[in-house]
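Raw contents of data12.pdb, PDB, C-alpha atoms:
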ATOM      1  CA  MET A   1      48.948 160.871 151.820
ATOM      2  CA  LYS A   2      52.275 161.222 153.638
ATOM      3  CA  LEU A   3      50.662 163.678 156.051
ATOM      4  CA  LEU A   4      47.967 161.119 156.876
ATOM      5  CA  GLN A   5      50.689 158.568 157.628
ATOM      6  CA  LEU A   6      52.565 161.113 159.721
ATOM      7  CA  ILE A   7      49.592 161.862 161.958
ATOM      8  CA  ARG A   8      48.648 158.140 162.220
ATOM      9  CA  PHE A   9      45.169 158.765 160.847
ATOM     10  CA  LYS A  10      44.050 155.204 161.701
ATOM     11  CA  ASN A  11      44.877 155.779 165.368
ATOM     12  CA  LEU A  12      43.098 159.136 165.249
ATOM     13  CA  LEU A  13      40.015 157.471 163.788
ATOM     14  CA  LEU A  14      40.101 155.003 166.682
ATOM     15  CA  ILE A  15      40.226 157.867 169.205
ATOM     16  CA  ALA A  16      37.295 159.573 167.487
ATOM     17  CA  LEU A  17      35.320 156.318 167.268
ATOM     18  CA  VAL A  18      35.740 155.606 170.986
ATOM     19  CA  GLN A  19      34.599 159.091 171.947
ATOM     20  CA  VAL A  20      31.545 158.793 169.682
ATOM     21  CA  LEU A  21      30.723 155.404 171.206
ATOM     22  CA  ILE A  22      30.917 156.879 174.700
ATOM     23  CA  LYS A  23      28.443 159.678 173.982
ATOM     24  CA  TYR A  24      26.007 157.925 171.671
ATOM     25  CA  THR A  25      26.168 154.319 172.871
ATOM     26  CA  LEU A  26      27.586 153.938 176.384
ATOM     27  CA  PHE A  27      25.767 156.839 178.022
ATOM     28  CA  PRO A  28      22.258 156.119 176.644
ATOM     29  CA  SER A  29      22.389 152.327 177.086
ATOM     30  CA  LEU A  30      23.926 152.133 180.559
ATOM     31  CA  SER A  31      21.865 154.945 182.045
ATOM     32  CA  MET A  32      18.748 152.810 181.672
ATOM     33  CA  LEU A  33      20.473 149.923 183.464
ATOM     34  CA  ILE A  34      21.793 152.062 186.311
ATOM     35  CA  ASP A  35      18.631 154.016 187.055
ATOM     36  CA  ALA A  36      15.290 152.735 185.784
ATOM     37  CA  ASN A  37      13.554 155.958 186.832
ATOM     38  CA  GLN A  38      15.634 158.123 184.500
ATOM     39  CA  LEU A  39      15.934 156.965 180.931
ATOM     40  CA  PHE A  40      18.868 159.051 179.798
ATOM     41  CA  VAL A  41      21.971 160.508 181.384
ATOM     42  CA  SER A  42      22.219 164.310 181.280
ATOM     43  CA  THR A  43      24.893 165.580 178.905
ATOM     44  CA  THR A  44      26.189 169.075 178.277
ATOM     45  CA  LEU A  45      27.426 169.411 174.709
ATOM     46  CA  THR A  46      25.317 169.735 171.574
ATOM     47  CA  HIS A  47      26.151 167.502 168.628
ATOM     48  CA  PHE A  48      28.244 170.261 167.043
ATOM     49  CA  GLN A  49      30.061 171.074 170.279
ATOM     50  CA  PHE A  50      30.819 167.391 170.802
ATOM     51  CA  LEU A  51      32.233 167.276 167.274
ATOM     52  CA  LEU A  52      34.548 170.119 168.266
ATOM     53  CA  LEU A  53      35.639 168.152 171.354
ATOM     54  CA  VAL A  54      36.505 165.154 169.169
ATOM     55  CA  LEU A  55      38.302 167.408 166.694
ATOM     56  CA  SER A  56      40.259 169.068 169.498
ATOM     57  CA  THR A  57      41.370 165.716 170.927
ATOM     58  CA  VAL A  58      42.318 164.391 167.496
ATOM     59  CA  CYS A  59      44.280 167.529 166.558
ATOM     60  CA  ILE A  60      46.316 167.504 169.774
ATOM     61  CA  ALA A  61      47.002 163.778 169.321
ATOM     62  CA  ALA A  62      48.072 164.401 165.712
ATOM     63  CA  GLY A  63      50.478 167.081 166.921
ATOM     64  CA  GLY A  64      51.840 164.583 169.445
ATOM     65  CA  TYR A  65      52.556 162.019 166.732
ATOM     66  CA  ILE A  66      54.316 164.630 164.614
ATOM     67  CA  ILE A  67      56.567 166.008 167.361
ATOM     68  CA  ASN A  68      57.443 162.473 168.418
ATOM     69  CA  ASP A  69      58.547 161.623 164.868
ATOM     70  CA  ILE A  70      60.622 164.803 164.711
ATOM     71  CA  PHE A  71      62.602 163.819 167.806
ATOM     72  CA  ASP A  72      62.776 160.159 166.713
ATOM     73  CA  VAL A  73      64.234 160.712 163.245
ATOM     74  CA  GLU A  74      67.480 158.893 163.985
ATOM     75  CA  ALA A  75      65.820 155.973 165.776
ATOM     76  CA  ASP A  76      63.071 155.629 163.140
ATOM     77  CA  ALA A  77      65.696 155.378 160.394
ATOM     78  CA  ILE A  78      66.676 152.065 162.002
ATOM     79  CA  ASN A  79      63.437 150.841 163.556
ATOM     80  CA  LYS A  80      61.011 151.573 160.707
ATOM     81  CA  PRO A  81      62.814 152.961 157.630
ATOM     82  CA  ASN A  82      59.880 152.123 155.347
ATOM     83  CA  LYS A  83      57.464 154.189 157.471
ATOM     84  CA  GLN A  84      59.703 157.171 158.160
ATOM     85  CA  ILE A  85      58.211 160.463 156.964
ATOM     86  CA  ILE A  86      60.197 163.237 158.712
ATOM     87  CA  GLY A  87      63.649 163.544 157.198
ATOM     88  CA  LYS A  88      62.667 161.425 154.224
ATOM     89  CA  TYR A  89      59.567 162.948 152.645
ATOM     90  CA  LEU A  90      59.077 166.022 154.848
ATOM     91  CA  THR A  91      61.707 168.309 156.354
ATOM     92  CA  GLU A  92      61.848 168.856 160.105
ATOM     93  CA  GLU A  93      60.891 172.503 159.502
ATOM     94  CA  LYS A  94      57.746 171.416 157.670
ATOM     95  CA  GLY A  95      57.070 168.934 160.450
ATOM     96  CA  TYR A  96      57.254 171.683 163.075
ATOM     97  CA  THR A  97      54.803 173.751 161.025
ATOM     98  CA  TYR A  98      52.310 170.908 160.943
ATOM     99  CA  TYR A  99      52.884 170.232 164.659
ATOM    100  CA  MET A 100      52.157 173.832 165.613
ATOM    101  CA  THR A 101      49.107 173.994 163.347
ATOM    102  CA  PHE A 102      47.435 170.884 164.747
ATOM    103  CA  THR A 103      48.342 171.666 168.357
ATOM    104  CA  VAL A 104      47.164 175.279 168.230
ATOM    105  CA  ILE A 105      43.864 174.262 166.611
ATOM    106  CA  GLY A 106      43.313 171.627 169.299
ATOM    107  CA  VAL A 107      44.141 173.954 172.202
ATOM    108  CA  VAL A 108      42.051 176.841 170.804
ATOM    109  CA  LEU A 109      39.057 174.531 170.391
ATOM    110  CA  GLY A 110      39.615 173.383 173.970
ATOM    111  CA  PHE A 111      39.543 176.984 175.152
ATOM    112  CA  TYR A 112      36.268 177.580 173.286
ATOM    113  CA  LEU A 113      34.646 174.442 174.714
ATOM    114  CA  SER A 114      35.740 175.303 178.252
ATOM    115  CA  HIS A 115      34.043 178.669 177.845
ATOM    116  CA  ILE A 116      30.899 177.052 176.408
ATOM    117  CA  VAL A 117      30.414 174.763 179.441
ATOM    118  CA  ASP A 118      31.315 177.608 181.808
ATOM    119  CA  ARG A 119      34.280 175.715 183.242
ATOM    120  CA  SER A 120      37.315 177.842 182.413
ATOM    121  CA  SER A 121      39.577 175.554 184.439
ATOM    122  CA  PHE A 122      38.905 172.716 181.942
ATOM    123  CA  PHE A 123      41.078 174.600 179.453
ATOM    124  CA  ALA A 124      44.122 173.518 181.479
ATOM    125  CA  ILE A 125      43.455 169.906 180.426
ATOM    126  CA  PHE A 126      44.210 170.677 176.782
ATOM    127  CA  VAL A 127      47.294 172.708 177.628
ATOM    128  CA  ILE A 128      48.623 169.968 179.915
ATOM    129  CA  ILE A 129      48.011 167.244 177.310
ATOM    130  CA  ALA A 130      49.770 169.232 174.578
ATOM    131  CA  ALA A 131      52.665 170.058 176.910
ATOM    132  CA  LEU A 132      53.056 166.445 178.055
ATOM    133  CA  LEU A 133      53.157 165.206 174.464
ATOM    134  CA  TYR A 134      55.995 167.626 173.707
ATOM    135  CA  ILE A 135      57.848 166.830 176.939
ATOM    136  CA  TYR A 136      57.421 163.121 176.269
ATOM    137  CA  ALA A 137      58.927 163.392 172.785
ATOM    138  CA  SER A 138      61.804 165.617 173.870
ATOM    139  CA  PHE A 139      62.615 164.184 177.301
ATOM    140  CA  LEU A 140      60.307 161.741 179.085
ATOM    141  CA  GLN A 141      60.720 158.866 176.636
ATOM    142  CA  GLN A 142      64.381 158.765 177.649
ATOM    143  CA  ILE A 143      63.429 157.948 181.270
ATOM    144  CA  LEU A 144      62.786 154.337 182.227
ATOM    145  CA  LEU A 145      59.012 153.557 182.144
ATOM    146  CA  VAL A 146      58.011 157.198 182.793
ATOM    147  CA  GLY A 147      57.331 157.893 179.126
ATOM    148  CA  ASN A 148      55.346 154.661 178.754
ATOM    149  CA  ILE A 149      53.183 155.513 181.752
ATOM    150  CA  VAL A 150      52.580 159.098 180.610
ATOM    151  CA  ILE A 151      51.447 158.026 177.134
ATOM    152  CA  SER A 152      49.189 155.339 178.614
ATOM    153  CA  LEU A 153      47.659 157.872 181.012
ATOM    154  CA  LEU A 154      46.942 160.191 178.081
ATOM    155  CA  VAL A 155      45.215 157.338 176.250
ATOM    156  CA  GLY A 156      42.968 156.853 179.267
ATOM    157  CA  LEU A 157      42.395 160.604 179.476
ATOM    158  CA  SER A 158      41.158 160.650 175.871
ATOM    159  CA  LEU A 159      38.167 158.678 177.210
ATOM    160  CA  MET A 160      37.755 160.571 180.466
ATOM    161  CA  ILE A 161      37.667 163.943 178.726
ATOM    162  CA  VAL A 162      34.261 163.028 177.281
ATOM    163  CA  GLY A 163      32.913 162.479 180.793
ATOM    164  CA  ILE A 164      34.578 165.632 182.087
ATOM    165  CA  PHE A 165      32.854 167.809 179.487
ATOM    166  CA  GLU A 166      29.589 165.893 179.118
ATOM    167  CA  LEU A 167      28.783 164.689 182.643
ATOM    168  CA  LEU A 168      30.361 166.966 185.244
ATOM    169  CA  PRO A 169      28.793 170.292 184.148
ATOM    170  CA  ALA A 170      25.349 168.640 183.996
ATOM    171  CA  ILE A 171      25.340 167.260 187.563
ATOM    172  CA  THR A 172      22.388 168.312 189.723
ATOM    173  CA  PRO A 173      21.171 167.022 193.103
ATOM    174  CA  GLN A 174      18.477 165.077 191.253
ATOM    175  CA  ASN A 175      20.768 163.241 188.811
ATOM    176  CA  GLN A 176      23.952 163.015 190.872
ATOM    177  CA  PHE A 177      23.732 159.242 191.377
ATOM    178  CA  LEU A 178      23.289 158.494 187.687
ATOM    179  CA  GLN A 179      25.966 160.961 186.571
ATOM    180  CA  SER A 180      28.482 159.685 189.135
ATOM    181  CA  SER A 181      27.761 156.053 188.299
ATOM    182  CA  MET A 182      28.237 156.740 184.607
ATOM    183  CA  PHE A 183      31.518 158.528 185.311
ATOM    184  CA  GLU A 184      32.714 155.482 187.294
ATOM    185  CA  VAL A 185      31.926 153.161 184.372
ATOM    186  CA  LEU A 186      33.838 155.461 182.044
ATOM    187  CA  PHE A 187      36.753 155.463 184.490
ATOM    188  CA  ASP A 188      36.771 151.645 184.374
ATOM    189  CA  TYR A 189      37.093 151.789 180.588
ATOM    190  CA  ALA A 190      39.918 154.315 180.979
ATOM    191  CA  ILE A 191      41.762 151.898 183.286
ATOM    192  CA  PHE A 192      41.387 149.156 180.669
ATOM    193  CA  ALA A 193      42.733 151.504 177.993
ATOM    194  CA  PHE A 194      45.641 152.468 180.267
ATOM    195  CA  LEU A 195      46.654 148.856 180.956
ATOM    196  CA  ILE A 196      46.471 147.696 177.334
ATOM    197  CA  SER A 197      48.308 150.809 176.171
ATOM    198  CA  LEU A 198      51.055 150.325 178.772
ATOM    199  CA  ILE A 199      51.594 146.714 177.705
ATOM    200  CA  ARG A 200      51.711 147.781 174.062
ATOM    201  CA  GLU A 201      54.196 150.587 174.797
ATOM    202  CA  ILE A 202      56.553 148.060 176.404
ATOM    203  CA  VAL A 203      56.122 145.651 173.477
ATOM    204  CA  LYS A 204      56.849 148.467 171.004
ATOM    205  CA  ASP A 205      60.011 149.317 172.958
ATOM    206  CA  ILE A 206      61.141 145.706 172.636
ATOM    207  CA  GLN A 207      60.372 145.856 168.927
ATOM    208  CA  ASP A 208      62.359 149.104 168.524
ATOM    209  CA  VAL A 209      65.270 148.207 170.788
ATOM    210  CA  ASP A 210      67.961 148.494 168.090
ATOM    211  CA  GLY A 211      67.195 152.071 167.069
ATOM    212  CA  ASP A 212      66.494 153.169 170.648
ATOM    213  CA  TYR A 213      69.859 151.762 171.765
ATOM    214  CA  LYS A 214      71.675 153.751 169.092
ATOM    215  CA  VAL A 215      70.167 157.046 170.298
ATOM    216  CA  GLN A 216      70.821 156.048 173.927
ATOM    217  CA  LEU A 217      67.242 155.870 175.188
ATOM    218  CA  LYS A 218      66.683 154.231 178.577
ATOM    219  CA  THR A 219      63.766 151.993 177.662
ATOM    220  CA  LEU A 220      62.854 148.883 179.611
ATOM    221  CA  PRO A 221      64.367 146.344 177.160
ATOM    222  CA  ILE A 222      67.604 148.347 176.963
ATOM    223  CA  VAL A 223      68.010 148.634 180.731
ATOM    224  CA  LEU A 224      66.757 145.159 181.717
ATOM    225  CA  GLY A 225      67.073 143.219 178.471
ATOM    226  CA  LYS A 226      64.446 142.053 176.000
ATOM    227  CA  ASP A 227      63.602 138.860 177.879
ATOM    228  CA  ARG A 228      62.941 140.589 181.198
ATOM    229  CA  ALA A 229      60.963 143.352 179.507
ATOM    230  CA  ALA A 230      58.842 140.715 177.758
ATOM    231  CA  LYS A 231      58.195 139.016 181.093
ATOM    232  CA  ILE A 232      57.092 142.335 182.623
ATOM    233  CA  ALA A 233      54.674 142.771 179.705
ATOM    234  CA  PHE A 234      53.576 139.163 180.340
ATOM    235  CA  GLY A 235      52.934 139.959 184.009
ATOM    236  CA  LEU A 236      50.937 143.084 183.170
ATOM    237  CA  THR A 237      48.840 141.107 180.697
ATOM    238  CA  VAL A 238      48.072 138.493 183.351
ATOM    239  CA  VAL A 239      47.095 141.289 185.759
ATOM    240  CA  SER A 240      44.805 142.764 183.084
ATOM    241  CA  ILE A 241      43.121 139.392 182.595
ATOM    242  CA  LEU A 242      42.582 138.966 186.334
ATOM    243  CA  VAL A 243      41.188 142.493 186.667
ATOM    244  CA  LEU A 244      38.762 141.853 183.797
ATOM    245  CA  VAL A 245      37.625 138.528 185.239
ATOM    246  CA  TYR A 246      37.065 140.127 188.653
ATOM    247  CA  TYR A 247      35.149 143.021 187.085
ATOM    248  CA  LEU A 248      32.919 140.709 185.041
ATOM    249  CA  ALA A 249      32.242 138.418 188.004
ATOM    250  CA  THR A 250      31.505 141.300 190.365
ATOM    251  CA  TYR A 251      29.571 143.829 188.282
ATOM    252  CA  LEU A 252      28.424 142.257 185.013
ATOM    253  CA  TYR A 253      27.657 138.620 185.877
ATOM    254  CA  MET A 254      23.930 139.223 185.212
ATOM    255  CA  ARG A 255      24.664 140.539 181.705
ATOM    256  CA  LYS A 256      25.425 137.249 179.973
ATOM    257  CA  VAL A 257      25.807 138.755 176.512
ATOM    258  CA  VAL A 258      28.349 141.276 177.778
ATOM    259  CA  VAL A 259      30.281 138.628 179.731
ATOM    260  CA  LEU A 260      30.362 136.311 176.701
ATOM    261  CA  TYR A 261      31.520 139.152 174.486
ATOM    262  CA  PHE A 262      34.427 140.023 176.801
ATOM    263  CA  ILE A 263      35.472 136.378 177.166
ATOM    264  CA  ILE A 264      35.580 135.787 173.408
ATOM    265  CA  THR A 265      36.930 139.109 172.128
ATOM    266  CA  VAL A 266      39.119 140.381 174.981
ATOM    267  CA  ILE A 267      40.075 137.748 177.549
ATOM    268  CA  ALA A 268      40.757 134.923 175.062
ATOM    269  CA  PRO A 269      43.031 137.100 172.870
ATOM    270  CA  LEU A 270      44.850 138.351 175.986
ATOM    271  CA  ILE A 271      45.502 134.759 177.059
ATOM    272  CA  TYR A 272      46.909 134.093 173.587
ATOM    273  CA  ILE A 273      49.070 137.219 173.904
ATOM    274  CA  THR A 274      50.497 135.975 177.215
ATOM    275  CA  ILE A 275      51.555 132.769 175.473
ATOM    276  CA  LYS A 276      53.124 134.731 172.614
ATOM    277  CA  LEU A 277      54.972 137.006 175.062
ATOM    278  CA  PHE A 278      56.422 133.971 176.807
ATOM    279  CA  THR A 279      57.734 132.504 173.548
ATOM    280  CA  ALA A 280      58.465 135.602 171.409
ATOM    281  CA  GLU A 281      62.074 136.066 170.315
ATOM    282  CA  HIS A 282      62.219 138.027 167.079
ATOM    283  CA  LYS A 283      61.141 141.531 166.104
ATOM    284  CA  LYS A 284      58.324 140.187 163.918
ATOM    285  CA  ASP A 285      56.911 138.292 166.910
ATOM    286  CA  PHE A 286      56.624 141.482 168.942
ATOM    287  CA  LYS A 287      55.132 143.307 165.964
ATOM    288  CA  ILE A 288      52.362 140.695 165.829
ATOM    289  CA  ILE A 289      51.772 141.085 169.576
ATOM    290  CA  SER A 290      51.620 144.871 169.218
ATOM    291  CA  ASN A 291      49.017 144.579 166.446
ATOM    292  CA  LEU A 292      47.002 142.084 168.516
ATOM    293  CA  LEU A 293      46.979 144.484 171.460
ATOM    294  CA  LYS A 294      45.651 147.232 169.209
ATOM    295  CA  ILE A 295      42.850 144.894 168.093
ATOM    296  CA  VAL A 296      42.078 143.987 171.721
ATOM    297  CA  MET A 297      41.868 147.689 172.537
ATOM    298  CA  LEU A 298      39.402 148.228 169.688
ATOM    299  CA  LEU A 299      37.278 145.208 170.596
ATOM    300  CA  GLY A 300      37.250 146.252 174.241
ATOM    301  CA  MET A 301      35.939 149.678 173.302
ATOM    302  CA  LEU A 302      33.355 148.182 170.932
ATOM    303  CA  SER A 303      31.861 146.396 173.946
ATOM    304  CA  MET A 304      30.010 149.664 174.557
ATOM    305  CA  VAL A 305      27.710 148.666 171.710
ATOM    306  CA  VAL A 306      26.886 145.340 173.363
ATOM    307  CA  TYR A 307      25.116 147.094 176.255
ATOM    308  CA  LEU A 308      22.374 148.037 173.781
ATOM    309  CA  PHE A 309      21.398 144.370 173.685
TER
END

Could you quickly redo this structure as structure tokens?
Amino acid sequence: MKLLQLIRFKNLLLIALVQVLIKYTLFPSLSMLIDANQLFVSTTLTHFQFLLLVLSTVCIAAGGYIINDIFDVEADAINKPNKQIIGKYLTEEKGYTYYMTFTVIGVVLGFYLSHIVDRSSFFAIFVIIAALLYIYASFLQQILLVGNIVISLLVGLSLMIVGIFELLPAITPQNQFLQSSMFEVLFDYAIFAFLISLIREIVKDIQDVDGDYKVQLKTLPIVLGKDRAAKIAFGLTVVSILVLVYYLATYLYMRKVVVLYFIITVIAPLIYITIKLFTAEHKKDFKIISNLLKIVMLLGMLSMVVYLF
């Protein structure tokens, strides 16, 4: 049970769910809307191979959570003593063993999949992700905003990797328009994931400011203060709302069900979050905002199902 908490199994399930939605919901439903002459987008991986892709992504992410907790032992003792696993229930040595196990499994599976799709260069993606997660935990999170941006980019990449393996190897002159259009839609979802993740990373830094200050991290709330950091998160949330409104008005205005879904489940909660960010003062306030952002992320990804209707 402690291992499941250590690897943030709920977050891993969310990653897996989003990737499954992309392959089995987004691709089939949107391909019919984009090109009426071709019912289904061309994909590369079999069901089993796609399962391995999900497993690879999840394993590397699990390794990232573990190595981050190893380097954050001192800060976590202050920020979240009730959730601390490394140093309390598991030794750092045991943590490193788990980290290496998950990371190696993920990278090896990535190597196998790259060989299967005959794109050996794709293997570099898994190596780079694993390396960035280690560098983030050991170094990047100490640099103002850089760590937040890197983690948010990796969240977006967890979506894009499905398109990289499923769409790109299957492109032909005949289906290039459909494949490219589908990749663009997936990229739009990745941008959404990046923005929400970046806002949440800043909010989490505000929430964890006491422990981060003790270990001398250079997070946004430590350098600029909690109020200014909250206002930056507020500004990014407003930008996200405006981007969503523009996207809905420009590309999805004919899909009334989709527009209504986004207004109710994504835009309305984001407006509420902007209000909370403007008035939040205590740690519990930012914890609520962080949880709301996670829900918005989930609901935004679940919009892939709405295209079926």

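For the residues A:Lys231, A:Gly300, A:Glu201, A:Lys294, ranking by smallest atom-to-atom distance to Leu244 in chain A using all atoms listed in the file places A:Gly300 first.
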
Q: Figure out the distance between CA of Gln5 in chain A and CA of Pro81 in chain A, please, to one decimal in Å.
A: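 Going from CA of Pro81 in chain A over to CA of Gln5 in chain A, I get 13.4 Å.
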
Q: Could you tell me which residues the PyMOL selection byres ((chain A and resi 92) around 12) grabs in this file, written as a list in words?
A: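 Selection result, ordered by chain and number: Ile66, Ile67, Asn68, Asp69, Ile70, Phe71, Asp72, Val73, Ile85, Ile86, Gly87, Lys88, Tyr89, Leu90, Thr91, Glu93, Lys94, Gly95, Tyr96, Thr97, Tyr98 and Tyr99 of chain A.
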
Q.
Would you pick out the contacts of range 119-131 of chain A at 9 Å or less, using only C-alpha atoms, so that residues sharing its chain but fewer than 6 positions from it are not included, and give the list as a PyMOL selection string?
A. chain A and resi 56-57+60-61+63-64+103+106-108+110-113+154+157+161+164-165+169

Exactly which residues make up the result of the PyMOL selection byres ((chain A and resi 229) around 10) on this file, given as a compact mmCIF listing (two decimals) with C-alpha atoms, in the frame of the given file?
# COMPACT_ATOMS: atom_id res chain seq x y z
CA ILE A 202 56.55 148.06 176.40
CA VAL A 203 56.12 145.65 173.48
CA ASP A 205 60.01 149.32 172.96
CA ILE A 206 61.14 145.71 172.64
CA THR A 219 63.77 151.99 177.66
CA LEU A 220 62.85 148.88 179.61
CA PRO A 221 64.37 146.34 177.16
CA ILE A 222 67.60 148.35 176.96
CA VAL A 223 68.01 148.63 180.73
CA LEU A 224 66.76 145.16 181.72
CA GLY A 225 67.07 143.22 178.47
CA LYS A 226 64.45 142.05 176.00
CA ASP A 227 63.60 138.86 177.88
CA ARG A 228 62.94 140.59 181.20
CA ALA A 230 58.84 140.72 177.76
CA LYS A 231 58.20 139.02 181.09
CA ILE A 232 57.09 142.34 182.62
CA ALA A 233 54.67 142.77 179.70
CA PHE A 234 53.58 139.16 180.34
CA GLY A 235 52.93 139.96 184.01
CA LEU A 277 54.97 137.01 175.06

Polymer residues at most 12 Å from Lys276 in chain A, all atoms listed in the file, same-chain spacing of 6 or more positions, as a compact mmCIF listing (two decimals) with C-alpha atoms, in the coordinates of the input:
# COMPACT_ATOMS: atom_id res chain seq x y z
CA VAL A 203 56.12 145.65 173.48
CA ALA A 230 58.84 140.72 177.76
CA LYS A 231 58.20 139.02 181.09
CA ALA A 233 54.67 142.77 179.70
CA PHE A 234 53.58 139.16 180.34
CA THR A 237 48.84 141.11 180.70
CA PRO A 269 43.03 137.10 172.87
CA LEU A 270 44.85 138.35 175.99
CA HIS A 282 62.22 138.03 167.08
CA LYS A 284 58.32 140.19 163.92
CA ASP A 285 56.91 138.29 166.91
CA PHE A 286 56.62 141.48 168.94
CA LYS A 287 55.13 143.31 165.96
CA ILE A 288 52.36 140.70 165.83
CA ILE A 289 51.77 141.08 169.58
CA SER A 290 51.62 144.87 169.22
CA LEU A 292 47.00 142.08 168.52
CA LEU A 293 46.98 144.48 171.46

Q. From the set A:Val117, A:Met304, A:Leu252, A:Val58, which residue has the shortest atom-to-atom contact distance to Phe9 in chain A, counting all atoms listed in the file?
A.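 For Phe9 in chain A, the nearest of the candidates is A:Val58.
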
Q: Find the residues around Gly156 in chain A up to 9 Å (all atoms listed in the file counted), leave out those fewer than 6 positions away in its own chain, and share them as an MDAnalysis selection string.
A: chainID A and resid 187 189:195 197

Q | Resolved residues for the PyMOL selection byres ((chain A and resi 171-175) around 10) as a list in words | A |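 The output of the PyMOL selection byres ((chain A and resi 171-175) around 10) on this file is Asp35, Gln38, Val41, Ser42, Thr43, Thr44, Glu166, Leu167, Leu168, Pro169, Ala170, Gln176, Phe177, Leu178, Gln179 and Ser180 of chain A.
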
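Comparing A:Gln19, A:Thr46, A:Asn82, A:Gln142 by their smallest distance to Val215 in chain A, the closest is A:Gln142 (using all atoms listed in the file).
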
Q: Between A:Phe183, A:Thr265, A:Lys218, A:Ala77, single out the one closest to Val146 in chain A, counting all atoms listed in the file.
A: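 Counting all atoms listed in the file, the residue closest to Val146 in chain A is A:Lys218.
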